[in-house]
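Text of final.tsv, listed as TSV, C-alpha atoms:
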chain	number	residue	atom	x	y	z
F	234	MET	CA	4.66	23.11	-31.76
F	235	THR	CA	3.53	19.74	-30.41
F	236	PRO	CA	-0.11	19.64	-29.26
F	237	TYR	CA	-0.61	18.05	-25.85
F	238	PRO	CA	-3.91	16.37	-25.01
F	239	ALA	CA	-5.97	17.88	-22.24
F	240	PRO	CA	-5.92	15.90	-18.99
F	241	ARG	CA	-8.80	13.49	-18.62
F	242	GLU	CA	-11.40	14.19	-16.01
F	243	PRO	CA	-11.47	11.64	-13.19
F	244	GLN	CA	-14.19	9.08	-13.77
F	245	GLU	CA	-15.74	6.67	-11.36
F	246	SER	CA	-14.84	3.05	-11.88
F	247	ASP	CA	-17.27	0.76	-13.60
F	248	PHE	CA	-16.70	-1.76	-10.80
F	249	SER	CA	-17.81	-1.50	-7.21
F	250	LEU	CA	-15.63	-2.40	-4.26
F	251	ALA	CA	-17.82	-5.43	-3.59
F	252	GLU	CA	-17.27	-6.66	-7.16
F	253	LEU	CA	-13.53	-6.13	-6.85
F	254	CYS	CA	-13.42	-8.07	-3.57
F	255	GLY	CA	-15.46	-10.87	-5.13
F	256	ASP	CA	-13.13	-11.05	-8.12
F	257	GLY	CA	-10.13	-11.21	-5.78
F	258	ALA	CA	-11.72	-13.97	-3.72
F	259	ARG	CA	-12.40	-16.03	-6.85
F	260	MET	CA	-8.80	-15.58	-8.05
F	261	ALA	CA	-7.15	-16.36	-4.69
F	262	PRO	CA	-7.06	-20.14	-5.22
F	263	HIS	CA	-5.09	-19.58	-8.44
F	264	TRP	CA	-2.29	-17.66	-6.70
F	265	VAL	CA	0.44	-19.71	-5.08
F	266	THR	CA	2.17	-18.25	-2.06
F	267	PRO	CA	5.63	-19.67	-1.44
F	268	SER	CA	6.21	-20.75	2.12
F	269	ALA	CA	8.81	-18.55	3.76
F	270	PRO	CA	10.87	-19.73	6.69
F	271	GLU	CA	9.76	-18.26	9.98
F	272	ALA	CA	11.97	-15.46	11.22
F	273	ALA	CA	13.72	-16.21	14.48
F	274	PRO	CA	13.07	-13.73	17.29
F	275	VAL	CA	15.83	-11.21	17.85
F	276	SER	CA	16.87	-10.03	21.26
F	277	PRO	CA	16.27	-6.27	21.74
F	278	ALA	CA	19.88	-6.03	22.93
F	279	LEU	CA	21.01	-6.92	19.40
F	280	ILE	CA	19.00	-4.14	17.76
F	281	HIS	CA	21.09	-1.02	17.58
F	282	GLY	CA	22.17	1.70	15.21
F	283	VAL	CA	18.72	2.59	13.91
F	284	ASP	CA	18.47	6.27	13.00
F	285	VAL	CA	15.07	7.77	12.33
F	286	PRO	CA	14.99	11.09	10.47
F	287	ALA	CA	13.27	13.87	12.41
F	288	ASP	CA	10.65	14.33	9.67
F	289	SER	CA	9.72	10.65	9.87
F	290	ALA	CA	9.51	10.76	13.66
F	291	ARG	CA	7.17	13.78	13.46
F	292	LEU	CA	5.03	12.00	10.88
F	293	ILE	CA	4.64	8.92	13.09
F	294	ALA	CA	3.98	11.07	16.15
F	295	ALA	CA	1.20	12.87	14.25
F	296	THR	CA	-0.65	9.67	13.33
F	297	SER	CA	-2.24	9.54	16.79
F	298	GLU	CA	-4.50	12.35	15.57
F	299	TYR	CA	-6.02	9.89	13.12
F	300	GLY	CA	-6.64	7.12	15.61
F	301	ILE	CA	-3.74	4.94	14.55
Could you express the structure from this file as structure tokens?
Amino acid sequence: MTPYPAPREPQESDFSLAELCGDGARMAPHWVTPSAPEAAPVSPALIHGVDVPADSARLIAATSEYGI
């Protein structure tokens, strides 16, 4: 029988959110973002055939409870 290790207990991170944000801000100049061409506006008359599953529609409708 193969022994399986017990799941680890969740531990708090050694880093705070402020430290993580600071690290990200210091790294930002090193990351290059390629320039993407701007998307041309699309007429609403050209948008058709979009089907939204009922479960997804209910999920979006329920987000108003959370202030979104």
Figure out the distance between atom CA of F:Ala294 and atom CA of F:Ala278, please, to one decimal in Å. 24.3 Å
Which distance in Å separates atom CA of F:Leu250 and atom CA of F:Pro267, to one decimal?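 Those two atoms sit 27.5 Å apart.
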Distance of atom CA of F:Met260 from atom CA of F:Phe248, expressed in Å to one decimal place: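 Going from atom CA of F:Phe248 over to atom CA of F:Met260 covers 16.2 Å.
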